[in-house]
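Heads up, entry.cif below (mmCIF, C-alpha atoms):
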```cif
data_query
loop_
_atom_site.label_atom_id
_atom_site.label_comp_id
_atom_site.auth_asym_id
_atom_site.auth_seq_id
_atom_site.Cartn_x
_atom_site.Cartn_y
_atom_site.Cartn_z
CA MET A 859 7.92 5.56 35.17
CA ALA A 860 8.02 5.10 31.39
CA LYS A 861 4.82 6.01 29.54
CA THR A 862 3.07 3.42 27.41
CA ILE A 863 1.92 3.94 23.84
CA LEU A 864 -0.35 1.64 21.85
CA ALA A 865 0.82 1.69 18.19
CA ILE A 866 -1.65 0.29 15.63
CA ASP A 867 -0.74 -0.23 11.96
CA ASP A 868 -1.34 -3.08 9.52
CA SER A 869 2.09 -2.61 7.94
CA THR A 870 4.62 -4.57 9.99
CA SER A 871 7.52 -2.42 8.80
CA ILE A 872 5.82 0.85 9.71
CA ARG A 873 4.79 -0.59 13.07
CA GLN A 874 8.36 -1.68 13.79
CA MET A 875 9.67 1.72 12.79
CA VAL A 876 7.15 3.55 14.96
CA ALA A 877 7.92 1.23 17.87
CA PHE A 878 11.66 1.70 17.42
CA THR A 879 11.34 5.49 17.31
CA LEU A 880 9.22 5.58 20.45
CA LYS A 881 11.32 3.00 22.33
CA SER A 882 14.50 4.94 21.56
CA ALA A 883 12.96 7.87 23.43
CA GLY A 884 12.18 5.67 26.43
CA TYR A 885 8.51 4.91 25.83
CA VAL A 886 7.03 1.45 26.27
CA VAL A 887 5.23 0.35 23.10
CA ILE A 888 2.38 -2.13 22.67
CA GLU A 889 1.79 -3.12 19.02
CA ALA A 890 -1.40 -4.11 17.18
CA ALA A 891 -1.97 -4.99 13.50
CA ASP A 892 -5.52 -3.64 12.99
CA GLY A 893 -8.31 -1.71 14.68
CA GLN A 894 -9.90 -4.74 16.27
CA GLU A 895 -6.64 -6.04 17.74
CA GLY A 896 -5.91 -2.47 18.85
CA LEU A 897 -9.27 -2.26 20.59
CA ALA A 898 -8.65 -5.58 22.38
CA LYS A 899 -5.17 -4.51 23.52
CA ALA A 900 -6.41 -1.06 24.55
CA THR A 901 -9.15 -2.62 26.68
CA ALA A 902 -6.77 -5.16 28.21
CA ASN A 903 -4.17 -2.48 29.08
CA ALA A 904 -6.50 0.45 29.74
CA ASN A 905 -4.75 1.45 32.97
CA ALA A 906 -1.25 1.32 31.50
CA ILE A 907 -1.78 3.07 28.16
CA ASN A 908 -1.10 6.81 27.98
CA LEU A 909 -1.50 7.36 24.25
CA VAL A 910 -2.99 5.58 21.22
CA LEU A 911 -1.28 6.05 17.85
CA THR A 912 -3.29 4.56 14.98
CA ASP A 913 -3.30 4.24 11.22
CA GLN A 914 -6.56 5.00 9.35
CA ASN A 915 -6.79 2.44 6.54
CA MET A 916 -6.57 -1.03 8.04
CA PRO A 917 -8.37 -4.31 7.45
CA VAL A 918 -11.07 -5.54 9.87
CA MET A 919 -11.49 -2.15 11.60
CA ASP A 920 -10.25 1.23 10.39
CA GLY A 921 -8.79 4.00 12.52
CA LEU A 922 -11.85 6.25 12.60
CA THR A 923 -14.12 3.40 13.73
CA LEU A 924 -11.58 2.52 16.42
CA ILE A 925 -11.47 6.11 17.68
CA LYS A 926 -15.27 6.35 17.79
CA THR A 927 -15.45 3.04 19.68
CA LEU A 928 -12.74 4.07 22.17
CA ARG A 929 -14.34 7.48 22.74
CA GLY A 930 -17.54 5.68 23.66
CA MET A 931 -15.76 3.94 26.55
CA PRO A 932 -15.33 5.98 29.76
CA GLN A 933 -11.69 4.93 30.31
CA PHE A 934 -10.69 6.30 26.89
CA ALA A 935 -12.94 9.36 26.80
CA SER A 936 -10.08 11.78 27.41
CA MET A 937 -7.06 9.70 26.36
CA PRO A 938 -4.92 11.29 23.62
CA ILE A 939 -5.37 9.51 20.28
CA LEU A 940 -3.16 10.42 17.32
CA MET A 941 -3.76 9.35 13.72
CA LEU A 942 -0.69 8.39 11.69
CA THR A 943 -1.83 7.85 8.12
CA THR A 944 -1.14 8.41 4.43
CA GLU A 945 -4.52 10.17 4.22
CA SER A 946 -3.92 13.89 4.01
CA SER A 947 -7.21 15.31 2.71
CA ASP A 948 -9.00 17.98 4.71
CA VAL A 949 -12.21 15.95 4.56
CA MET A 950 -10.54 13.00 6.28
CA LYS A 951 -8.93 15.28 8.85
CA GLN A 952 -12.34 16.78 9.63
CA GLN A 953 -13.76 13.27 10.04
CA GLY A 954 -10.87 12.44 12.38
CA ARG A 955 -11.47 15.54 14.44
CA ALA A 956 -15.20 14.79 14.59
CA ALA A 957 -14.49 11.20 15.67
CA GLY A 958 -12.38 12.47 18.56
CA ALA A 959 -8.76 12.32 17.34
CA THR A 960 -6.31 14.50 19.23
CA GLY A 961 -4.04 15.08 16.25
CA TRP A 962 -3.25 14.04 12.68
CA LEU A 963 0.19 13.00 11.42
CA VAL A 964 0.75 12.27 7.75
CA LYS A 965 3.05 9.46 6.60
CA PRO A 966 5.88 9.28 5.85
CA PHE A 967 6.55 10.46 9.37
CA ASP A 968 9.67 12.23 10.50
CA PRO A 969 10.80 10.35 13.65
CA HIS A 970 11.91 13.56 15.34
CA LYS A 971 8.57 15.25 14.60
CA LEU A 972 6.71 12.19 15.86
CA LEU A 973 8.65 12.29 19.13
CA GLU A 974 8.04 16.04 19.40
CA VAL A 975 4.30 15.59 19.04
CA VAL A 976 4.16 12.62 21.42
CA LYS A 977 6.16 14.59 23.98
CA LYS A 978 3.84 17.55 23.59
CA VAL A 979 0.77 15.35 24.06
CA ILE A 980 1.85 13.09 26.94
CA GLY A 981 5.18 14.50 28.07
CA MET B 1325 -32.09 -11.01 -48.63
CA ARG B 1326 -32.46 -13.10 -51.75
CA ASN B 1327 -36.13 -13.75 -50.90
CA TYR B 1328 -36.71 -10.01 -50.68
CA SER B 1329 -35.00 -9.57 -54.00
CA ARG B 1330 -37.22 -12.19 -55.71
CA SER B 1331 -40.39 -10.76 -54.20
CA ALA B 1332 -39.43 -7.24 -55.33
CA MET B 1333 -38.79 -8.51 -58.85
CA ILE B 1334 -42.13 -10.36 -59.05
CA ILE B 1335 -43.99 -7.33 -57.71
CA SER B 1336 -42.20 -5.08 -60.23
CA VAL B 1337 -43.03 -7.40 -63.19
CA LEU B 1338 -46.66 -7.76 -62.18
CA GLY B 1339 -46.92 -4.00 -61.63
CA SER B 1340 -45.44 -3.32 -65.06
CA ILE B 1341 -47.79 -5.81 -66.79
CA PHE B 1342 -50.74 -4.08 -65.19
CA LEU B 1343 -49.34 -0.68 -66.16
CA ALA B 1344 -48.74 -1.88 -69.74
CA GLY B 1345 -52.29 -3.25 -69.98
CA ASP B 1346 -53.61 0.07 -68.68
CA ALA B 1347 -51.50 1.96 -71.22
CA ILE B 1348 -52.81 -0.13 -74.19
CA LEU B 1349 -56.37 0.26 -73.01
CA TYR B 1350 -56.03 4.00 -72.47
CA PHE B 1351 -53.86 5.11 -75.40
CA HIS B 1352 -54.46 2.28 -77.97
CA ASP B 1353 -50.82 2.81 -78.97
CA MET B 1354 -47.93 0.31 -78.93
CA SER B 1355 -45.26 3.04 -78.62
CA PHE B 1356 -46.57 3.87 -75.13
CA LEU B 1357 -46.45 0.20 -74.32
CA LEU B 1358 -42.80 -0.01 -75.46
CA GLY B 1359 -41.90 3.13 -73.51
CA ASP B 1360 -43.63 1.69 -70.52
CA MET B 1361 -41.77 -1.60 -70.92
CA PHE B 1362 -38.42 0.25 -71.20
CA LEU B 1363 -39.23 2.17 -68.05
CA LEU B 1364 -40.10 -1.13 -66.37
CA VAL B 1365 -36.74 -2.65 -67.31
CA VAL B 1366 -34.91 0.43 -65.96
CA VAL B 1367 -36.91 0.30 -62.72
CA ILE B 1368 -36.24 -3.45 -62.31
CA LEU B 1369 -32.53 -3.00 -62.96
CA SER B 1370 -32.34 -0.11 -60.49
CA VAL B 1371 -34.22 -2.07 -57.84
CA LEU B 1372 -31.98 -5.10 -58.42
CA TYR B 1373 -28.86 -2.95 -58.21
CA LEU B 1374 -30.01 -1.36 -54.94
CA LEU B 1375 -30.94 -4.75 -53.47
CA LYS B 1376 -27.57 -6.16 -54.47
CA GLN B 1377 -25.81 -3.20 -52.84
CA ALA B 1378 -27.85 -3.65 -49.65
CA GLU B 1379 -27.08 -7.35 -49.59
CA ASP B 1380 -23.35 -6.71 -50.09
CA THR B 1381 -23.35 -4.09 -47.34
CA HIS B 1382 -25.16 -6.43 -44.96
CA THR B 1383 -22.78 -9.30 -45.74
CA SER B 1384 -19.81 -7.01 -45.31
CA ALA B 1385 -21.20 -5.65 -41.99
CA ASN B 1386 -21.78 -9.18 -40.71
CA SER B 1387 -18.34 -10.23 -41.75
CA SER B 1388 -16.81 -7.14 -40.06
CA LEU B 1389 -18.81 -7.84 -36.91
CA GLN B 1390 -17.57 -11.42 -36.80
CA GLU B 1391 -14.02 -10.31 -37.54
CA SER B 1392 -14.25 -7.65 -34.83
CA SER B 1393 -15.72 -10.13 -32.38
CA ALA B 1394 -13.00 -12.67 -33.18
CA PHE B 1395 -10.38 -9.93 -32.83
CA HIS B 1396 -11.75 -8.97 -29.39
CA SER B 1397 -11.63 -12.60 -28.37
CA GLN B 1398 -8.02 -12.92 -29.53
CA LEU B 1399 -7.15 -9.60 -27.91
CA GLY B 1400 -8.72 -10.79 -24.66
CA THR B 1401 -6.59 -13.95 -24.70
CA GLU B 1402 -3.42 -11.99 -25.42
CA ILE B 1403 -4.16 -9.38 -22.74
CA ALA B 1404 -4.91 -12.15 -20.23
CA VAL B 1405 -1.58 -13.84 -21.00
CA GLN B 1406 0.37 -10.56 -20.77
CA LEU B 1407 -1.43 -9.57 -17.55
CA SER B 1408 -0.73 -12.96 -16.05
CA SER B 1409 2.96 -12.59 -16.81
CA ALA B 1410 3.09 -9.01 -15.50
CA HIS B 1411 1.10 -10.05 -12.44
CA THR B 1412 3.62 -12.78 -11.61
CA GLU B 1413 6.56 -10.44 -12.14
CA LEU B 1414 4.98 -7.78 -9.94
CA GLY B 1415 4.26 -10.41 -7.31
CA ASN B 1416 7.90 -11.50 -7.32
CA THR B 1417 9.06 -7.88 -7.15
CA GLN B 1418 6.74 -7.22 -4.25
CA ALA B 1419 7.90 -10.33 -2.39
CA ILE B 1420 11.55 -9.34 -2.86
CA LEU B 1421 10.84 -5.76 -1.82
CA SER B 1422 8.84 -6.76 1.24
CA ASP B 1423 11.47 -9.26 2.28
CA ALA B 1424 14.21 -6.66 1.81
CA ILE B 1425 12.30 -4.03 3.77
CA GLY B 1426 11.53 -6.47 6.56
CA LYS B 1427 15.14 -7.59 6.85
CA LEU B 1428 16.45 -4.05 6.56
CA VAL B 1429 14.17 -2.71 9.29
CA SER B 1430 14.80 -5.68 11.58
CA ASN B 1431 18.56 -5.53 11.03
CA PHE B 1432 18.78 -1.80 11.60
CA ILE B 1433 16.76 -2.12 14.76
CA LEU B 1434 18.88 -5.09 15.88
CA ILE B 1435 22.11 -3.17 15.26
CA SER B 1436 20.84 -0.13 17.08
CA ASP B 1437 19.54 -2.20 19.97
CA GLY B 1438 22.87 -4.07 20.09
CA VAL B 1439 24.93 -0.90 20.19
CA ARG B 1440 22.64 0.57 22.83
CA ASP B 1441 22.92 -2.62 24.87
CA LEU B 1442 26.71 -2.68 24.51
CA SER B 1443 26.89 0.94 25.55
CA GLY B 1444 24.78 0.23 28.64
CA LYS B 1445 26.89 -2.78 29.60
CA THR B 1446 30.12 -0.83 29.14
CA ASN B 1447 28.76 1.91 31.37
CA GLU B 1448 27.95 -0.69 34.00
CA PHE B 1449 31.38 -2.31 33.66
CA SER B 1450 33.07 1.08 34.01
CA ARG B 1451 31.03 1.76 37.14
CA GLN B 1452 32.06 -1.60 38.61
CA VAL B 1453 35.77 -1.04 37.86
CA HIS B 1454 35.51 2.42 39.37
CA GLU B 1455 33.94 0.89 42.48
CA VAL B 1456 36.71 -1.75 42.73
CA VAL B 1457 39.41 0.93 42.46
CA GLY B 1458 37.66 2.95 45.15
CA ASN B 1459 37.39 -0.08 47.44
CA VAL B 1460 41.07 -0.99 46.98
CA GLY B 1461 42.06 2.62 47.70
CA GLN B 1462 40.06 2.59 50.92
CA SER B 1463 41.56 -0.74 51.96
CA LEU B 1464 45.04 0.70 51.39
CA LYS B 1465 44.30 3.66 53.60
CA LYS B 1466 43.13 1.30 56.35
CA ALA B 1467 46.26 -0.79 55.90
CA GLU B 1468 48.45 2.34 56.20
CA GLN B 1469 46.68 3.28 59.42
CA THR B 1470 47.51 -0.09 60.96
CA LEU B 1471 51.21 0.13 59.89
CA ASP B 1472 52.14 2.15 62.96
CA ASP B 1473 51.20 -0.78 65.21
CA LEU B 1474 53.72 -3.14 63.60
CA ASP B 1475 57.41 -3.76 64.45
CA ALA B 1476 60.26 -2.76 62.05
CA GLU B 1477 60.45 -6.13 60.23
CA GLY B 1478 56.69 -6.33 59.80
CA LYS B 1479 56.61 -2.69 58.64
CA ALA B 1480 59.17 -3.41 55.90
CA ALA B 1481 57.18 -6.38 54.63
CA VAL B 1482 53.91 -4.46 54.66
CA LEU B 1483 55.52 -1.45 52.93
CA GLU B 1484 56.82 -3.76 50.21
CA SER B 1485 53.39 -5.25 49.85
CA ASN B 1486 51.85 -1.75 49.89
CA THR B 1487 54.13 -0.65 47.02
CA GLN B 1488 53.06 -3.63 44.94
CA VAL B 1489 49.38 -3.03 45.70
CA ARG B 1490 49.75 0.65 44.73
CA ALA B 1491 51.26 -0.43 41.43
CA VAL B 1492 48.25 -2.69 40.86
CA VAL B 1493 45.88 0.14 41.80
CA GLU B 1494 47.64 2.46 39.35
CA GLU B 1495 47.21 -0.13 36.61
CA LEU B 1496 43.58 -0.56 37.61
CA THR B 1497 43.06 3.20 37.51
CA ALA B 1498 44.59 3.39 34.05
CA PHE B 1499 42.34 0.51 32.98
CA ASN B 1500 39.35 2.27 34.50
CA ASN B 1501 40.19 5.46 32.61
CA ALA B 1502 40.40 3.48 29.37
CA VAL B 1503 37.06 1.77 30.06
CA THR B 1504 35.47 5.10 30.95
CA GLN B 1505 36.73 6.60 27.68
CA ASN B 1506 35.39 3.55 25.82
CA ALA B 1507 32.05 4.00 27.50
CA VAL B 1508 31.95 7.66 26.42
CA ASP B 1509 32.88 6.67 22.84
CA LEU B 1510 30.27 3.90 22.81
CA ASN B 1511 27.59 6.26 24.11
CA LEU B 1512 28.40 8.63 21.29
CA MET B 1513 28.38 5.77 18.78
CA SER B 1514 25.06 4.54 20.10
CA SER B 1515 23.60 7.99 19.75
CA ASN B 1516 24.96 8.29 16.18
CA VAL B 1517 23.58 4.87 15.19
CA GLU B 1518 20.19 5.82 16.61
CA GLN B 1519 20.17 9.11 14.70
CA ASN B 1520 21.11 7.29 11.49
CA VAL B 1521 18.39 4.69 12.03
CA LEU B 1522 15.86 7.51 12.47
CA VAL B 1523 16.97 8.98 9.13
CA VAL B 1524 16.74 5.53 7.49
CA ILE B 1525 13.24 5.12 8.92
CA SER B 1526 11.98 8.07 6.83
CA THR B 1527 13.43 6.47 3.69
CA LEU B 1528 12.17 2.98 4.45
CA GLN B 1529 8.62 4.26 4.68
CA PHE B 1530 8.68 5.07 0.97
CA GLN B 1531 9.65 1.48 0.23
CA ASP B 1532 6.80 0.32 2.40
CA MET B 1533 4.40 2.55 0.48
CA SER B 1534 5.84 1.29 -2.84
CA SER B 1535 5.09 -2.22 -1.70
CA GLN B 1536 1.50 -1.21 -0.97
CA LEU B 1537 1.19 0.41 -4.40
CA ILE B 1538 2.41 -2.79 -6.06
CA GLU B 1539 -0.21 -4.76 -4.15
CA HIS B 1540 -2.94 -2.38 -5.35
CA ALA B 1541 -1.66 -2.67 -8.92
CA ARG B 1542 -1.75 -6.47 -8.65
CA LEU B 1543 -5.35 -6.42 -7.44
CA ARG B 1544 -6.34 -4.29 -10.41
CA MET B 1545 -4.44 -6.55 -12.77
CA THR B 1546 -6.22 -9.59 -11.38
CA ALA B 1547 -9.55 -7.91 -12.09
CA LEU B 1548 -8.51 -6.95 -15.62
CA GLN B 1549 -7.18 -10.46 -16.18
CA GLU B 1550 -10.57 -11.92 -15.32
CA VAL B 1551 -12.30 -9.60 -17.80
CA ALA B 1552 -9.68 -10.41 -20.47
CA ASN B 1553 -10.17 -14.14 -19.81
CA GLU B 1554 -13.90 -13.73 -20.37
CA MET B 1555 -13.19 -11.89 -23.63
CA GLY B 1556 -10.80 -14.62 -24.71
CA LYS B 1557 -13.26 -17.43 -23.98
CA SER B 1558 -16.17 -15.91 -25.98
CA LYS B 1559 -16.99 -17.14 -29.51
CA PRO B 1560 -17.47 -14.66 -32.41
CA SER B 1561 -20.87 -12.95 -32.25
CA LYS B 1562 -23.51 -13.91 -34.84
CA ASP B 1563 -25.12 -10.50 -34.99
CA GLN B 1564 -24.94 -7.00 -33.64
CA LYS B 1565 -27.37 -7.71 -30.80
CA GLU B 1566 -25.26 -10.56 -29.44
CA TYR B 1567 -22.13 -8.46 -29.85
CA LEU B 1568 -23.62 -5.54 -27.87
CA GLU B 1569 -24.82 -7.95 -25.18
CA LYS B 1570 -21.28 -9.25 -24.79
CA ILE B 1571 -19.85 -5.73 -24.52
CA ALA B 1572 -22.46 -4.93 -21.84
CA ALA B 1573 -21.51 -8.12 -19.96
CA TYR B 1574 -17.81 -7.11 -19.99
CA ASN B 1575 -18.72 -3.65 -18.68
CA GLN B 1576 -20.79 -5.20 -15.91
CA LEU B 1577 -17.91 -7.46 -14.94
CA LEU B 1578 -15.54 -4.48 -14.87
CA ASP B 1579 -17.99 -2.48 -12.71
CA LYS B 1580 -18.31 -5.43 -10.33
CA HIS B 1581 -14.52 -5.55 -9.93
CA VAL B 1582 -14.26 -1.79 -9.40
CA VAL B 1583 -16.78 -1.99 -6.53
CA SER B 1584 -15.05 -5.06 -5.11
CA LEU B 1585 -11.61 -3.39 -5.31
CA ASP B 1586 -12.87 -0.27 -3.57
CA LYS B 1587 -14.04 -2.46 -0.69
CA GLN B 1588 -10.71 -4.29 -0.53
CA LYS B 1589 -8.65 -1.12 -0.28
CA ALA B 1590 -7.21 -1.77 3.16
CA ASN B 1591 -4.37 0.67 2.94
CA PRO B 1592 -4.58 3.10 0.04
CA VAL B 1593 -1.62 5.31 -0.66
CA LYS B 1594 -2.76 8.84 -1.39
CA GLN B 1595 0.41 10.73 -0.67
CA LYS B 1596 0.48 13.97 -2.64
CA ASP B 1597 3.50 15.58 -1.06
CA PHE B 1598 6.41 13.20 -0.96
CA GLY B 1599 8.28 15.21 1.62
CA SER B 1600 7.97 14.49 5.28
CA GLY B 1601 4.36 14.28 6.47
CA ASP B 1602 2.39 17.13 8.02
CA VAL B 1603 1.52 17.25 11.65
CA GLU B 1604 -1.66 18.85 12.98
CA LEU B 1605 -2.88 18.82 16.55
CA PHE B 1606 -6.61 19.49 16.95
#
```
Can you present the structure in this file as structure tokens?
Amino acid sequence: MAKTILAIDDSTSIRQMVAFTLKSAGYVVIEAADGQEGLAKATANANAINLVLTDQNMPVMDGLTLIKTLRGMPQFASMPILMLTTESSDVMKQQGRAAGATGWLVKPFDPHKLLEVVKKVIG
Amino acid sequence: MRNYSRSAMIISVLGSIFLAGDAILYFHDMSFLLGDMFLLVVVILSVLYLLKQAEDTHTSANSSLQESSAFHSQLGTEIAVQLSSAHTELGNTQAILSDAIGKLVSNFILISDGVRDLSGKTNEFSRQVHEVVGNVGQSLKKAEQTLDDLDAEGKAAVLESNTQVRAVVEELTAFNNAVTQNAVDLNLMSSNVEQNVLVVISTLQFQDMSSQLIEHARLRMTALQEVANEMGKSKPSKDQKEYLEKIAAYNQLLDKHVVSLDKQKANPVKQKDFGSGDVELF
């Protein structure tokens, strides 16, 4: 059965590109435009989602807040969450790690590398 | 300033008269009085000269202040006009870029999805043709098995029919081989298109980030435009105090915008290395 990934990014183009990359490898992708929409879709599809891939800087709710919120919910306590962001500072990475992120990918992403990481994390 | 000048002159004259009176009383000699008077004239002239210089300097400073204030106002108007024009141009550029990126991404994805879909359908078609050929072959074998039960005339008719069916099966097999080859080619094409789209995806992300940078630049320009508009609207300052107050007000407005812009930064671009992004698993 195909694994499901929740991809959250406020840039439509980036979201489409992430979704395309993941779909081409056989994953099912659910898309959300900001942290709040991501949280709603994650909650609604909690049983189906295998991985959350989120941007950091988004309107309404940013990536770190989303991760902290998800980690506070039992169904997402151990779910892999990857950050895909233009932020590359060590301080931000530390904040991501502290919030509960599983990994940190810096944009622009290499589609092959993204697939490699996703495969490593959820198979 | 003229009032000060008059007062100084009156005080100087009165002072000199008193001094002259003192001199006559003390020395009983007119030459001292004349010397004293000469000194008085020199003092008055010096004081008048200094007062005139001070007045000129003050007038000049006031005039410069007003000129400077008027210049700032004019500068503000010009900057606001230029910013407005640049803002519109950037907005148009951003709209064109965003539209182009959106179409490009959607089209690439559509093409790739289309080729993938075509490849899948060709595979299915090839499988169906292969199945038909197999079924016909099996039917022929069954027909051959029943040949022995027929008489000579019937056998001849069936053999004729069998030959024609075999010819059809051969054509079908050739067709099947062609379809299978097409399916293989299409699979390869689909894979190539997908690989190319993945390469394009890396490139398109830079355009997406450029679009974000333009948006940030526009926000900053809007803020600067507002400050420039304020500068353009203001009248020339009457004195230094008013002038400094205006400068402070502009600074406050700028600070307010800086804070507001920092809050609005939904998606800042801070890419230092413009190669492919790093990956780190915690």
Got a sec to pull out which chain A residues are within 9 Å of chain B, counting all atoms listed in the file, and send them as number ranges by chain? A: 868-872, 874-876, 878-879, 882, 914-918, 920, 940, 944-947, 955, 959-972, 975
Let me know the residues the PyMOL selection byres ((chain A and resi 891-907) around 6) catches in the file above, as a list in words. Thr862, Ile863, Ile866, Asp867, Asp868, Ala890, Asn908, Leu909, Met916, Met919, Asp920 and Leu924 of chain A
Could you write out that same residue set with C-alpha atoms as a compact mmCIF listing (two decimals), in the frame of the given file?
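Dumped to result_32.txt:
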```txt
# COMPACT_ATOMS: atom_id res chain seq x y z
CA THR A 862 3.07 3.42 27.41
CA ILE A 863 1.92 3.94 23.84
CA ILE A 866 -1.65 0.29 15.63
CA ASP A 867 -0.74 -0.23 11.96
CA ASP A 868 -1.34 -3.08 9.52
CA ALA A 890 -1.40 -4.11 17.18
CA ASN A 908 -1.10 6.81 27.98
CA LEU A 909 -1.50 7.36 24.25
CA MET A 916 -6.57 -1.03 8.04
CA MET A 919 -11.49 -2.15 11.60
CA ASP A 920 -10.25 1.23 10.39
CA LEU A 924 -11.58 2.52 16.42
```
Using all atoms listed in the file, the shortest atom-to-atom distance to Lys1445 of chain B among B:Val1517, B:Ala1507, B:Lys1565, B:Ala1541 belongs to B:Ala1507
With distances taken over all atoms listed in the file, which of A:Glu889, A:Lys926, A:Val979, A:Glu974 is nearest to Pro938 of chain A?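 Of A:Glu889, A:Lys926, A:Val979, A:Glu974, the one nearest Pro938 of chain A is A:Val979, counting all atoms listed in the file.
From atom CA of Asn1386 of chain B back to atom CA of Ala1332 of chain B, the distance works out to 23.0 Å.
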Return the single residue from A:Arg929, A:Lys978, A:Lys861, A:Lys951 that is closest to Val887 of chain A, with distances computed using all atoms listed in the file.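 Closest residue, counting all atoms listed in the file: A:Lys861.
The nearest approach to Lys881 of chain A among the residues A:Ala935, A:Leu911, A:Leu973, A:Ala956, with all atoms listed in the file taken into account, belongs to A:Leu973.
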Taking the file as shown, what set of residues would the PyMOL selection byres ((chain B and resi 1359-1376) around 7) give back, as an mmCIF file with C-alpha atoms, in the coordinates of the input?
```cif
data_model
loop_
_atom_site.group_PDB
_atom_site.id
_atom_site.type_symbol
_atom_site.label_atom_id
_atom_site.label_comp_id
_atom_site.auth_asym_id
_atom_site.auth_seq_id
_atom_site.Cartn_x
_atom_site.Cartn_y
_atom_site.Cartn_z
ATOM 1 C CA SER B 1329 -35.000 -9.570 -54.000
ATOM 2 C CA MET B 1333 -38.790 -8.510 -58.850
ATOM 3 C CA SER B 1336 -42.200 -5.080 -60.230
ATOM 4 C CA SER B 1340 -45.440 -3.320 -65.060
ATOM 5 C CA ALA B 1344 -48.740 -1.880 -69.740
ATOM 6 C CA SER B 1355 -45.260 3.040 -78.620
ATOM 7 C CA PHE B 1356 -46.570 3.870 -75.130
ATOM 8 C CA LEU B 1357 -46.450 0.200 -74.320
ATOM 9 C CA LEU B 1358 -42.800 -0.010 -75.460
ATOM 10 C CA GLN B 1377 -25.810 -3.200 -52.840
ATOM 11 C CA ALA B 1378 -27.850 -3.650 -49.650
ATOM 12 C CA GLU B 1379 -27.080 -7.350 -49.590
ATOM 13 C CA ASP B 1380 -23.350 -6.710 -50.090
#
```
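Applied to this file, the PyMOL selection byres ((chain B and resi 1490) around 12) selects the residues B:Val1457, B:Val1460, B:Gly1461, B:Gln1462, B:Ser1463, B:Leu1464, B:Lys1465, B:Ala1467, B:Glu1468, B:Val1482, B:Leu1483, B:Glu1484, B:Ser1485, B:Asn1486, B:Thr1487, B:Gln1488, B:Val1489, B:Ala1491, B:Val1492, B:Val1493, B:Glu1494, B:Glu1495, B:Leu1496, B:Thr1497.
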For segment 1334-1345 of chain B, take all atoms listed in the file, fit an axis-aligned box around them, add 4 Å to each of the six sides, then output centre and edge lengths in Å rounded to one decimal, as AutoDock Vina command-line options.
```
--center_x -47.2 --center_y -5.5 --center_z -63.8 --size_x 18.2 --size_y 17.7 --size_z 20.3
```
Quick one: of B:Leu1421, B:Leu1537, B:Val1503, B:Ile1334, who's nearest to Gln1452 of chain B, counting all atoms listed in the file?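 Selected residue with least distance to Gln1452 of chain B: B:Val1503.
Between Pro1560 of chain B and the candidates B:Ile1341, B:Ala1502, B:Ile1335, B:Ala1394, the tightest atom-to-atom separation, counting all atoms listed in the file, involves B:Ala1394.
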Between atom CA of Leu1389 of chain B and atom CA of Tyr1567 of chain B, distance in Å (one decimal): 7.8 Å
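Note that the spacing between atom CA of Ala883 of chain A and atom CA of Glu1448 of chain B amounts to 20.2 Å.
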